[in-house]
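Content type TSV, C-alpha atoms and all ligand atoms, from the file final_1.tsv:
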```
chain	number	residue	atom	x	y	z
M	1	MET	CA	22.13	-41.16	94.02
M	2	LEU	CA	18.73	-40.53	95.39
M	3	ALA	CA	15.92	-40.69	92.88
M	4	MET	CA	12.37	-39.45	93.08
M	5	ARG	CA	10.21	-41.41	95.45
M	6	HIS	CA	8.38	-44.09	93.55
M	7	LYS	CA	6.35	-46.66	95.34
M	8	ALA	CA	6.66	-49.81	93.32
M	9	ARG	CA	3.94	-52.27	94.02
M	10	VAL	CA	5.95	-55.38	94.53
M	11	SER	CA	3.77	-58.38	93.99
M	12	ARG	CA	2.77	-60.24	97.11
M	13	ARG	CA	3.19	-63.49	95.22
M	14	TYR	CA	6.78	-62.56	94.54
M	15	ARG	CA	7.49	-62.01	98.19
M	16	LEU	CA	5.89	-65.31	99.07
M	17	GLY	CA	8.28	-66.98	96.66
M	18	HIS	CA	5.57	-68.67	94.57
M	19	LYS	CA	6.16	-69.37	90.91
M	20	MET	CA	5.28	-66.13	89.21
M	21	GLN	CA	2.70	-65.77	86.52
M	22	VAL	CA	4.36	-63.04	84.50
M	23	LEU	CA	3.35	-61.39	81.25
M	24	ASN	CA	6.70	-61.97	79.56
M	25	ARG	CA	8.05	-65.33	80.67
M	26	VAL	CA	11.03	-65.23	78.25
M	27	LEU	CA	12.31	-61.86	79.49
M	28	TYR	CA	11.64	-62.65	83.15
M	29	SER	CA	13.46	-65.99	82.99
M	30	LYS	CA	16.46	-64.47	81.23
M	31	LEU	CA	16.70	-61.69	83.80
M	32	ARG	CA	16.61	-64.23	86.61
M	33	ARG	CA	19.21	-66.40	84.96
M	34	HIS	CA	21.67	-63.60	84.24
M	35	PHE	CA	21.12	-61.17	87.08
M	36	GLY	CA	19.69	-63.17	89.97
M	37	GLY	CA	17.07	-61.32	91.99
M	38	VAL	CA	14.15	-59.92	90.00
M	39	ARG	CA	11.31	-57.99	91.55
M	40	VAL	CA	8.01	-57.88	89.72
M	41	SER	CA	6.00	-54.68	90.01
M	42	CYS	CA	2.50	-53.84	88.75
M	43	ALA	CA	2.13	-57.58	88.19
M	44	GLY	CA	-0.30	-58.58	85.46
M	45	GLU	CA	-0.98	-55.00	84.36
M	46	ALA	CA	-1.08	-54.27	80.61
M	47	MET	CA	0.83	-51.47	78.96
M	48	ILE	CA	-1.48	-48.73	77.71
M	49	CYS	CA	0.17	-46.75	74.94
M	50	ARG	CA	-0.30	-45.01	71.61
M	51	ALA	CA	2.00	-44.40	68.64
M	52	THR	CA	2.71	-40.65	68.46
M	53	ARG	CA	5.47	-38.32	67.31
M	54	SER	CA	8.13	-36.56	69.36
M	55	LEU	CA	8.56	-32.77	69.36
M	56	GLU	CA	11.15	-33.27	66.63
M	57	GLY	CA	8.63	-35.21	64.54
M	58	ASP	CA	10.12	-38.66	65.05
M	59	PRO	CA	7.75	-41.58	65.59
M	60	ARG	CA	7.56	-42.62	69.19
M	61	LEU	CA	5.43	-44.45	71.68
M	62	THR	CA	3.55	-42.44	74.27
M	63	VAL	CA	3.04	-44.64	77.30
M	64	PHE	CA	-0.07	-43.88	79.38
M	65	HIS	CA	0.60	-46.71	81.79
M	66	ALA	CA	3.72	-48.83	81.71
M	67	GLY	CA	2.16	-51.92	83.26
M	68	GLU	CA	4.18	-54.85	84.56
M	69	TYR	CA	7.90	-54.36	84.91
M	70	TYR	CA	10.86	-56.17	86.37
M	71	GLN	CA	13.40	-54.59	88.67
M	72	ILE	CA	16.98	-55.78	89.06
M	73	CYS	CA	20.07	-54.29	90.68
M	74	CYS	CA	21.71	-52.44	87.81
M	75	PRO	CA	24.90	-54.30	86.77
M	76	TYR	CA	26.44	-51.12	85.30
M	77	CYS	CA	26.64	-49.02	88.47
M	78	ASP	CA	26.81	-49.60	92.21
M	79	ASP	CA	23.04	-49.96	92.56
M	80	THR	CA	21.86	-52.28	95.32
M	81	ARG	CA	18.22	-51.14	95.41
M	82	PHE	CA	16.77	-52.78	92.29
M	83	ARG	CA	16.78	-49.51	90.40
M	84	LEU	CA	17.08	-50.88	86.87
M	85	TYR	CA	13.46	-51.03	85.65
M	86	ILE	CA	12.76	-53.27	82.67
M	87	ASN	CA	9.27	-53.12	81.24
M	88	HIS	CA	7.62	-56.39	80.22
M	89	ARG	CA	7.53	-55.12	76.60
M	90	PHE	CA	11.29	-54.46	76.52
M	91	GLY	CA	12.88	-55.81	73.35
M	92	THR	CA	9.56	-56.61	71.65
M	93	LYS	CA	8.74	-54.82	68.42
M	94	ASP	CA	6.62	-51.72	68.01
M	95	VAL	CA	4.08	-51.27	65.19
M	96	ARG	CA	6.91	-50.27	62.83
M	97	GLY	CA	8.90	-53.38	63.62
M	98	ARG	CA	11.58	-51.67	65.72
M	99	PRO	CA	12.57	-53.21	69.06
M	100	LEU	CA	11.40	-51.23	72.10
M	101	THR	CA	14.76	-50.69	73.75
M	102	PHE	CA	13.93	-47.47	75.60
M	103	LEU	CA	11.86	-49.47	78.07
M	104	ALA	CA	14.79	-50.22	80.36
M	105	ILE	CA	15.83	-47.36	82.63
M	106	CYS	CA	18.44	-47.24	85.36
M	107	TYR	CA	16.99	-44.80	87.91
M	108	ASN	CA	20.28	-44.80	89.75
M	109	GLU	CA	22.75	-43.48	87.19
M	110	SER	CA	20.97	-43.61	83.85
M	111	CYS	CA	23.27	-46.45	82.71
M	112	MET	CA	20.98	-47.49	79.87
M	113	SER	CA	21.41	-44.20	78.06
M	114	LYS	CA	25.02	-45.25	77.37
M	115	ARG	CA	25.00	-47.21	74.15
M	116	GLU	CA	27.67	-49.67	75.20
M	117	ASN	CA	25.64	-50.66	78.27
M	118	LEU	CA	22.43	-51.06	76.33
M	119	TYR	CA	24.11	-53.19	73.65
M	120	ASP	CA	25.77	-55.33	76.29
M	121	PHE	CA	22.44	-55.76	78.10
M	122	LEU	CA	20.67	-56.76	74.87
M	123	GLU	CA	23.41	-59.22	74.03
M	124	ARG	CA	23.30	-60.83	77.44
M	125	LEU	CA	19.55	-61.24	77.15
M	126	ASP	CA	19.79	-62.54	73.57
M	127	GLU	CA	17.99	-59.75	71.75
M	128	LEU	CA	16.47	-61.94	69.05
M	129	SER	CA	14.66	-64.19	71.50
M	130	LEU	CA	13.16	-61.07	73.11
M	131	THR	CA	11.63	-59.88	69.83
M	132	GLU	CA	10.04	-63.28	69.42
M	133	ALA	CA	8.81	-63.56	73.00
M	134	ASN	CA	5.17	-64.37	73.48
M	135	VAL	CA	3.87	-61.56	75.67
M	136	SER	CA	0.51	-61.83	77.42
M	137	ARG	CA	-1.50	-58.66	77.19
M	138	GLY	CA	-2.42	-58.33	80.85
M	139	LYS	CA	-5.31	-56.57	82.50
M	140	ILE	CA	-6.25	-52.99	81.66
M	141	VAL	CA	-5.92	-50.82	84.73
M	142	PRO	CA	-8.60	-48.10	85.09
M	143	GLU	CA	-7.40	-44.50	84.88
M	144	GLU	CA	-7.75	-43.79	88.61
M	145	ALA	CA	-5.45	-46.67	89.51
M	146	ARG	CA	-2.76	-45.81	86.96
M	147	GLU	CA	0.61	-44.46	87.87
M	148	VAL	CA	3.34	-42.86	85.77
M	149	LEU	CA	7.08	-43.35	86.05
M	150	PRO	CA	9.53	-40.51	86.70
M	151	PRO	CA	11.01	-39.00	83.49
M	152	GLY	CA	14.39	-40.58	84.22
M	153	PRO	CA	16.99	-40.63	86.95
M	154	CYS	CA	16.61	-37.64	89.23
M	155	VAL	CA	18.54	-36.30	92.17
M	156	SER	CA	16.80	-34.78	95.18
M	157	LEU	CA	17.29	-31.02	95.55
M	158	THR	CA	18.78	-31.63	98.97
M	159	ASP	CA	21.57	-33.66	97.33
M	160	LEU	CA	22.50	-31.06	94.69
M	161	PRO	CA	25.64	-29.02	95.30
M	162	ALA	CA	24.98	-25.53	96.67
M	163	LYS	CA	26.49	-23.96	93.54
M	164	HIS	CA	24.26	-25.86	91.12
M	165	PRO	CA	22.40	-23.42	88.80
M	166	ALA	CA	18.99	-24.88	89.79
M	167	ILE	CA	19.74	-24.27	93.47
M	168	ALA	CA	21.01	-20.77	92.72
M	169	TYR	CA	17.81	-20.03	90.82
M	170	LEU	CA	15.52	-21.30	93.60
M	171	ARG	CA	17.50	-19.40	96.22
M	172	SER	CA	17.23	-16.23	94.13
M	173	ARG	CA	13.47	-16.64	94.38
M	174	ARG	CA	13.81	-17.18	98.11
M	175	PHE	CA	12.48	-20.73	98.16
M	176	ASP	CA	13.41	-23.04	100.99
M	177	ILE	CA	15.47	-25.79	99.30
M	178	ALA	CA	15.07	-28.25	102.19
M	179	GLU	CA	11.28	-27.78	102.18
M	180	LEU	CA	11.08	-28.27	98.41
M	181	GLY	CA	13.24	-31.38	98.52
M	182	THR	CA	11.77	-33.14	101.54
M	183	LYS	CA	8.16	-31.91	101.68
M	184	HIS	CA	7.34	-31.40	98.01
M	185	LEU	CA	9.81	-34.06	96.77
M	186	VAL	CA	11.09	-31.75	94.05
M	187	SER	CA	14.09	-33.19	92.26
M	188	TYR	CA	16.40	-32.43	89.34
M	189	CYS	CA	16.39	-34.71	86.31
M	190	PHE	CA	19.81	-35.33	84.79
M	191	ASP	CA	18.78	-37.69	82.01
M	192	SER	CA	15.56	-38.51	80.23
M	193	ARG	CA	14.16	-39.74	76.93
M	194	TYR	CA	12.22	-36.48	76.99
M	195	THR	CA	14.53	-33.64	75.95
M	196	LEU	CA	12.39	-31.15	77.85
M	197	ALA	CA	12.59	-33.07	81.12
M	198	LYS	CA	16.36	-33.35	81.12
M	199	ASN	CA	18.25	-30.76	83.20
M	200	ARG	CA	15.04	-29.42	84.68
M	201	LEU	CA	13.31	-29.33	88.05
M	202	ILE	CA	10.87	-32.21	88.39
M	203	ILE	CA	7.70	-31.52	90.30
M	204	PRO	CA	5.93	-34.79	91.11
M	205	VAL	CA	2.14	-34.83	91.39
M	206	TYR	CA	0.87	-37.47	93.80
M	207	GLU	CA	-2.66	-38.50	94.58
M	208	LYS	CA	-3.42	-41.01	97.33
M	209	GLY	CA	0.26	-41.96	97.31
M	210	LYS	CA	0.35	-42.67	93.57
M	211	LEU	CA	2.52	-40.73	91.13
M	212	LYS	CA	-0.10	-39.38	88.71
M	213	GLY	CA	2.17	-37.09	86.70
M	214	TRP	CA	5.06	-34.66	86.86
M	215	GLN	CA	6.00	-31.30	85.50
M	216	ALA	CA	9.50	-30.45	84.37
M	217	ARG	CA	10.16	-26.77	85.02
M	218	TYR	CA	12.88	-24.73	83.38
M	219	PRO	CA	15.30	-23.89	86.23
M	220	GLY	CA	15.33	-20.14	85.69
M	221	GLU	CA	13.24	-17.15	84.65
M	222	LEU	CA	12.76	-16.14	81.02
M	223	ASP	CA	10.42	-13.57	79.53
M	224	TRP	CA	7.64	-16.05	78.74
M	225	LYS	CA	5.05	-13.32	78.35
M	226	GLY	CA	7.24	-11.07	76.19
M	227	PRO	CA	7.38	-10.63	72.41
M	228	LYS	CA	9.97	-13.38	71.90
M	229	LYS	CA	8.06	-16.02	73.88
M	230	LYS	CA	7.78	-18.36	70.88
M	231	GLU	CA	11.56	-18.65	70.63
M	232	LEU	CA	11.96	-19.64	74.27
M	233	PRO	CA	11.98	-23.14	75.74
M	234	PRO	CA	8.67	-23.78	77.51
M	235	LYS	CA	8.45	-22.96	81.20
M	236	TYR	CA	6.84	-26.32	81.92
M	237	PHE	CA	6.90	-29.66	80.18
M	238	SER	CA	4.25	-32.06	81.42
M	239	CYS	CA	4.47	-35.83	81.62
M	240	PRO	CA	3.12	-37.17	78.30
M	241	GLY	CA	0.25	-39.62	78.41
M	242	SER	CA	-1.19	-38.48	81.74
M	243	HIS	CA	-4.30	-36.39	82.38
M	244	PHE	CA	-3.06	-35.11	85.71
M	245	ARG	CA	-3.41	-31.42	84.79
M	246	SER	CA	-7.15	-31.71	84.36
M	247	ARG	CA	-7.81	-34.39	86.99
M	248	CYS	CA	-5.53	-33.52	89.87
M	249	ILE	CA	-5.02	-30.56	92.15
M	250	TYR	CA	-1.30	-30.31	92.92
M	251	GLY	CA	-0.99	-30.48	96.68
M	252	PHE	CA	-4.49	-31.75	97.40
M	253	GLU	CA	-3.09	-34.32	99.81
M	254	THR	CA	-2.51	-31.65	102.48
M	255	MET	CA	-5.29	-29.14	101.69
M	256	PRO	CA	-8.15	-30.94	103.51
M	257	GLU	CA	-6.43	-30.32	106.86
M	258	TRP	CA	-7.18	-26.61	106.53
M	259	GLU	CA	-10.29	-24.53	107.14
M	260	THR	CA	-9.78	-22.51	103.96
M	261	GLY	CA	-8.62	-23.96	100.65
M	262	ILE	CA	-6.63	-21.68	98.37
M	263	LEU	CA	-6.55	-22.51	94.67
M	264	VAL	CA	-3.51	-21.15	92.85
M	265	GLU	CA	-2.33	-21.31	89.25
M	266	GLY	CA	1.10	-22.94	89.12
M	267	PRO	CA	2.98	-25.37	91.37
M	268	THR	CA	5.48	-22.70	92.48
M	269	ASP	CA	2.53	-20.64	93.79
M	270	ARG	CA	1.76	-23.54	96.13
M	271	TRP	CA	5.37	-23.70	97.29
M	272	ARG	CA	5.12	-20.01	98.10
M	273	PHE	CA	1.74	-20.09	99.81
M	274	GLY	CA	2.04	-23.27	101.86
M	275	SER	CA	0.15	-26.50	102.40
M	276	MET	CA	-3.37	-24.99	102.34
M	277	ALA	CA	-2.84	-24.09	98.68
M	278	GLY	CA	-3.27	-26.32	95.64
M	279	SER	CA	-2.40	-25.66	92.02
M	280	ILE	CA	-4.96	-26.18	89.24
M	281	PHE	CA	-2.28	-25.83	86.53
M	282	GLY	CA	-3.82	-22.72	84.99
M	283	ASN	CA	-6.55	-20.17	85.54
M	284	SER	CA	-9.64	-22.33	85.07
M	285	VAL	CA	-10.91	-25.26	87.02
M	286	THR	CA	-12.04	-28.54	85.43
M	287	ALA	CA	-15.09	-30.54	86.50
M	288	TRP	CA	-12.79	-33.12	88.15
M	289	GLN	CA	-10.93	-30.48	90.15
M	290	MET	CA	-14.19	-28.79	91.09
M	291	ARG	CA	-15.67	-32.05	92.44
M	292	LYS	CA	-12.55	-32.72	94.46
M	293	PHE	CA	-12.51	-29.25	95.96
M	294	LEU	CA	-16.24	-29.20	96.78
M	295	ALA	CA	-16.11	-32.64	98.40
M	296	VAL	CA	-13.87	-31.14	101.08
M	297	PHE	CA	-14.58	-27.40	101.15
M	298	SER	CA	-18.29	-27.01	100.35
M	299	LYS	CA	-19.01	-26.26	104.04
M	300	ARG	CA	-15.80	-24.30	104.56
M	301	THR	CA	-14.32	-21.39	102.59
M	302	GLY	CA	-12.21	-21.09	99.49
M	303	VAL	CA	-10.29	-18.56	97.40
M	304	LEU	CA	-9.09	-18.57	93.81
M	305	LEU	CA	-5.86	-16.61	93.73
M	306	LEU	CA	-5.02	-15.10	90.37
M	307	ASP	CA	-2.40	-13.14	88.50
M	308	PRO	CA	-3.74	-9.65	87.64
M	309	GLU	CA	-4.09	-10.27	83.89
M	310	GLU	CA	-6.08	-13.48	84.39
M	311	MET	CA	-9.00	-11.77	86.12
M	312	GLU	CA	-10.40	-10.45	82.84
M	313	SER	CA	-10.35	-13.77	81.03
M	314	LYS	CA	-13.63	-15.45	80.16
M	315	LYS	CA	-12.51	-18.76	81.63
M	316	THR	CA	-11.68	-17.16	84.98
M	317	ILE	CA	-14.99	-15.32	85.17
M	318	GLU	CA	-16.90	-18.54	84.42
M	319	THR	CA	-14.88	-20.47	87.00
M	320	LEU	CA	-15.53	-17.87	89.69
M	321	ASP	CA	-19.26	-17.76	88.88
M	322	LEU	CA	-19.45	-21.51	89.20
M	323	PHE	CA	-17.73	-21.54	92.59
M	324	ARG	CA	-19.85	-18.67	93.92
M	325	LYS	CA	-22.98	-20.55	92.92
M	326	LYS	CA	-21.82	-23.76	94.62
M	327	MET	CA	-20.47	-22.02	97.73
M	328	PRO	CA	-22.49	-18.80	98.14
M	329	GLY	CA	-20.80	-16.37	100.53
M	330	GLN	CA	-17.93	-18.78	101.08
M	331	PHE	CA	-15.86	-18.43	97.91
M	332	CYS	CA	-14.24	-15.52	96.11
M	333	GLY	CA	-11.48	-14.60	93.73
M	334	VAL	CA	-8.52	-12.54	94.86
M	335	VAL	CA	-6.27	-10.81	92.35
M	336	LEU	CA	-2.68	-10.15	93.22
M	337	PRO	CA	-1.31	-6.63	92.96
M	338	GLU	CA	-0.12	-5.56	89.47
M	339	ASP	CA	3.22	-6.84	88.16
M	340	THR	CA	3.50	-9.63	90.65
M	341	ASP	CA	2.77	-13.29	90.80
M	342	PRO	CA	2.37	-15.23	94.04
M	343	GLY	CA	5.63	-17.08	93.35
M	344	GLY	CA	7.53	-13.80	93.59
M	345	LEU	CA	6.04	-12.53	96.85
M	346	ASP	CA	6.75	-13.12	100.48
M	347	ARG	CA	4.56	-15.81	102.11
M	348	ASP	CA	3.30	-13.74	105.04
M	349	PHE	CA	2.51	-10.81	102.79
M	350	VAL	CA	0.43	-12.88	100.33
M	351	LYS	CA	-1.45	-14.67	103.08
M	352	GLU	CA	-2.41	-11.45	104.78
M	353	TYR	CA	-3.25	-9.82	101.45
M	354	VAL	CA	-5.60	-12.70	100.55
M	355	ARG	CA	-7.25	-12.64	103.98
M	356	GLN	CA	-8.00	-8.91	103.75
M	357	HIS	CA	-9.23	-8.96	100.15
M	358	ALA	CA	-11.47	-11.98	100.78
M	359	SER	CA	-12.87	-10.33	103.88
M	360	ARG	CA	-13.87	-7.30	101.80
M	361	GLN	CA	-15.93	-9.67	99.69
M	362	GLY	CA	-17.53	-11.20	102.79
M	363	VAL	CA	-15.49	-14.41	102.74
M	364	ARG	CA	-13.77	-15.43	105.94
M	365	VAL	CA	-10.31	-16.87	105.34
M	366	ARG	CA	-8.77	-18.80	108.22
M	367	TYR	CA	-5.29	-20.27	108.12
M	368	ARG	CA	-6.10	-22.82	110.73
M	369	LYS	CA	-6.17	-26.57	110.74
M	370	ILE	CA	-9.52	-28.28	111.18
M	371	GLY	CA	-10.32	-29.09	114.80
M	372	LYS	CA	-7.57	-26.86	116.21
M	373	GLU	CA	-8.28	-23.73	118.19
M	401	ZN	ZN	22.88	-48.19	86.65
```
Could you spell out this file's structure in structure tokens?
Ligand SMILES: [Zn+2]
Amino acid sequence: MLAMRHKARVSRRYRLGHKMQVLNRVLYSKLRRHFGGVRVSCAGEAMICRATRSLEGDPRLTVFHAGEYYQICCPYCDDTRFRLYINHRFGTKDVRGRPLTFLAICYNESCMSKRENLYDFLERLDELSLTEANVSRGKIVPEEAREVLPPGPCVSLTDLPAKHPAIAYLRSRRFDIAELGTKHLVSYCFDSRYTLAKNRLIIPVYEKGKLKGWQARYPGELDWKGPKKKELPPKYFSCPGSHFRSRCIYGFETMPEWETGILVEGPTDRWRFGSMAGSIFGNSVTAWQMRKFLAVFSKRTGVLLLDPEEMESKKTIETLDLFRKKMPGQFCGVVLPEDTDPGGLDRDFVKEYVRQHASRQGVRVRYRKIGKE
């Protein structure tokens, strides 16, 4: 099965065949002995984590950066692409003395979520020796260089059967499945340690080729703004331990090609609008997002596209004021017509609507790539 794109940084030293300096020599040696080829990724990088609680209140470890891990071909499925990821802390004890067994994930077929496989794996590696392994801490990677892992094994939208409920939902909203799967790398997660990532659409957020976070979206529409909203599962579940919602603009990799940058609220608004649009994960912009946007668009034009009810909010008004001050005459807010959101409208209609409404405010919107006539 195809999983979400994840660029593992395979150590150069590994490829050169030199004796590896690894953080967990015991685990690494055992993996080599029992399973042959081992790839080392994020070599020498420390795990950055914090003890937290799950939604159900159980103690758990929130991992901000997984650090060094070892990849082998999963012995429990037909994997040939080194898709069983074993973190260097696998089998060691957490602060409560319990072994960290969730740190091995088969991204091919989720084999480690089957108890019998996990127990067999632990037995083969001699569990006790893992808990006693002397693990080097490793180097702390700065926030901008950190990368998250996908929530679990995922299948690309283009590989889901046409009758799958997630596909039916996206089609009902008139999204182009091929575009979502190949251009936006949207996938469907079929197993995860996070209950709210499992059986949901996974929207990966990349920056400079690194996976900075992901959002797991409920694959359907519920009345999230209605009176029973508290009883409903959340529309989005965001990757724990990552600050991507405040630091990234979803889709910023393609926005700089365009003369006008369109800021939208949610990721599906970007899918609808196209590659000149980027989502700020809400209705207000953070200082990080602002800096990013201005670095590219301060001499061009920009629009903040909003749902009707957001226009009145204090945060939105402040955000718009800030942009107008930084880009006088070149930035404005456009509110969508009542009872609509950009995700529910036709692409050509929204684009034309934005162009006209920006023009009325003296801002020239051009859907044209830089340097092209
Ligand atoms: Zn497997």
State, in Å with one decimal place, the distance from CA of Val334 in chain M to CA of Phe349 in chain M.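 These two atoms are separated by 13.7 Å.
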Counting all atoms listed in the file, the option among M:Pro59, M:Pro150, M:Gly181, M:Pro75 closest to ligand ZN 401 (chain M) |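 For ligand ZN 401 (chain M), the nearest of the candidates is M:Pro75.
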Can you check which parts of chain M lie within 10 Å of ligand ZN 401 (chain M)? Per residue, the shortest pair of atoms and distance in Å to one decimal, counting all atoms listed in the file, sorted by chain and number, as CSV.
```
residue,atom,partner,partner_atom,distance
M:Ile72,CA,M:ZN401,ZN,9.9
M:Cys73,CA,M:ZN401,ZN,7.8
M:Cys74,CA,M:ZN401,ZN,4.6
M:Pro75,CA,M:ZN401,ZN,6.4
M:Tyr76,CA,M:ZN401,ZN,4.8
M:Cys77,CA,M:ZN401,ZN,4.3
M:Asp78,CA,M:ZN401,ZN,7.0
M:Asp79,CA,M:ZN401,ZN,6.2
M:Thr80,CA,M:ZN401,ZN,9.6
M:Phe82,CA,M:ZN401,ZN,9.5
M:Arg83,CA,M:ZN401,ZN,7.3
M:Leu84,CA,M:ZN401,ZN,6.4
M:Tyr85,CA,M:ZN401,ZN,9.9
M:Ile105,CA,M:ZN401,ZN,8.2
M:Cys106,CA,M:ZN401,ZN,4.7
M:Tyr107,CA,M:ZN401,ZN,6.9
M:Asn108,CA,M:ZN401,ZN,5.3
M:Glu109,CA,M:ZN401,ZN,4.7
M:Ser110,CA,M:ZN401,ZN,5.7
M:Cys111,CA,M:ZN401,ZN,4.3
M:Met112,CA,M:ZN401,ZN,7.1
M:Ser113,CA,M:ZN401,ZN,9.6
M:Lys114,CA,M:ZN401,ZN,10.0
M:Asn117,CA,M:ZN401,ZN,9.2
M:Pro153,CA,M:ZN401,ZN,9.6
```
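Here CA of Met276 in chain M is placed at a distance of 12.6 Å from CA of Val354 in chain M.
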Using all atoms listed in the file, the residue out of M:Leu170, M:Leu27, M:Leu222, M:Cys189 with shortest distance to Glu127 in chain M is M:Leu27
| What is the CA of Gly67 in chain M to CA of Cys42 in chain M distance in Å? |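 Straight-line distance from CA of Gly67 in chain M to CA of Cys42 in chain M works out to 5.8 Å.
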Margin query: At a cut-off of 7 Å, using all atoms listed in the file, what residues contact range 61-64 of chain M? Leave out same-chain residues fewer than 4 positions from it and give the result as a list in words.
Written below: Ile48, Cys49, Arg50, Ala51, Thr52, Pro240, Gly241 and Ser242 of chain M
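Shortest separation to Thr260 in chain M among M:Lys208, M:Arg355, M:Arg291, M:Arg171 occurs at residue M:Arg355, atoms counted being only C-alpha atoms.
Residue nearest Leu185 in chain M, chosen from M:Gly226, M:Gly251, M:Gly152, M:Pro234 and counting only C-alpha atoms: M:Gly251.
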Of M:Ser29, M:Ser238, M:Thr316, M:Ser187, the one nearest to Asp126 in chain M when counting all atoms listed in the file is M:Ser29
query: Using all atoms listed in the file, which of M:Asn134, M:Gln21, M:Thr195, M:Ser313 sits nearest Glu56 in chain M?
result: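 Closest to Glu56 in chain M of all the choices is M:Thr195.
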Task: Long-range neighbours of Lys93 in chain M as JSON, numbers by chain, 12 Å cut-off, only C-alpha atoms, 2 positions minimum in chain - done: {"M": [61, 88, 89, 90, 91, 95, 96, 97, 98, 99, 100, 101, 102, 103, 127, 128, 129, 130, 131, 132, 133, 134, 135]}
Margin query: Using all atoms listed in the file, which protein or nucleic acid residues come within 8 Å of Trp224 in chain M? Drop anything in the same chain fewer than 3 positions from it, and give the result as a ChimeraX atom specification.
Written below: /M:228-229,232,234-235
* So which residues fall inside 12 Å of (-13.9, -26.3, 109.6) if we count all atoms listed in the file? Mind giving them as a PyMOL selection string? -> chain M and resi 256-261+296-302+364-373
Problem set entry | Long-range neighbours of Ile140 in chain M as a ChimeraX atom specification, 7 Å cut-off, all atoms listed in the file, 2 positions minimum in chain | /M:45-46,138,142
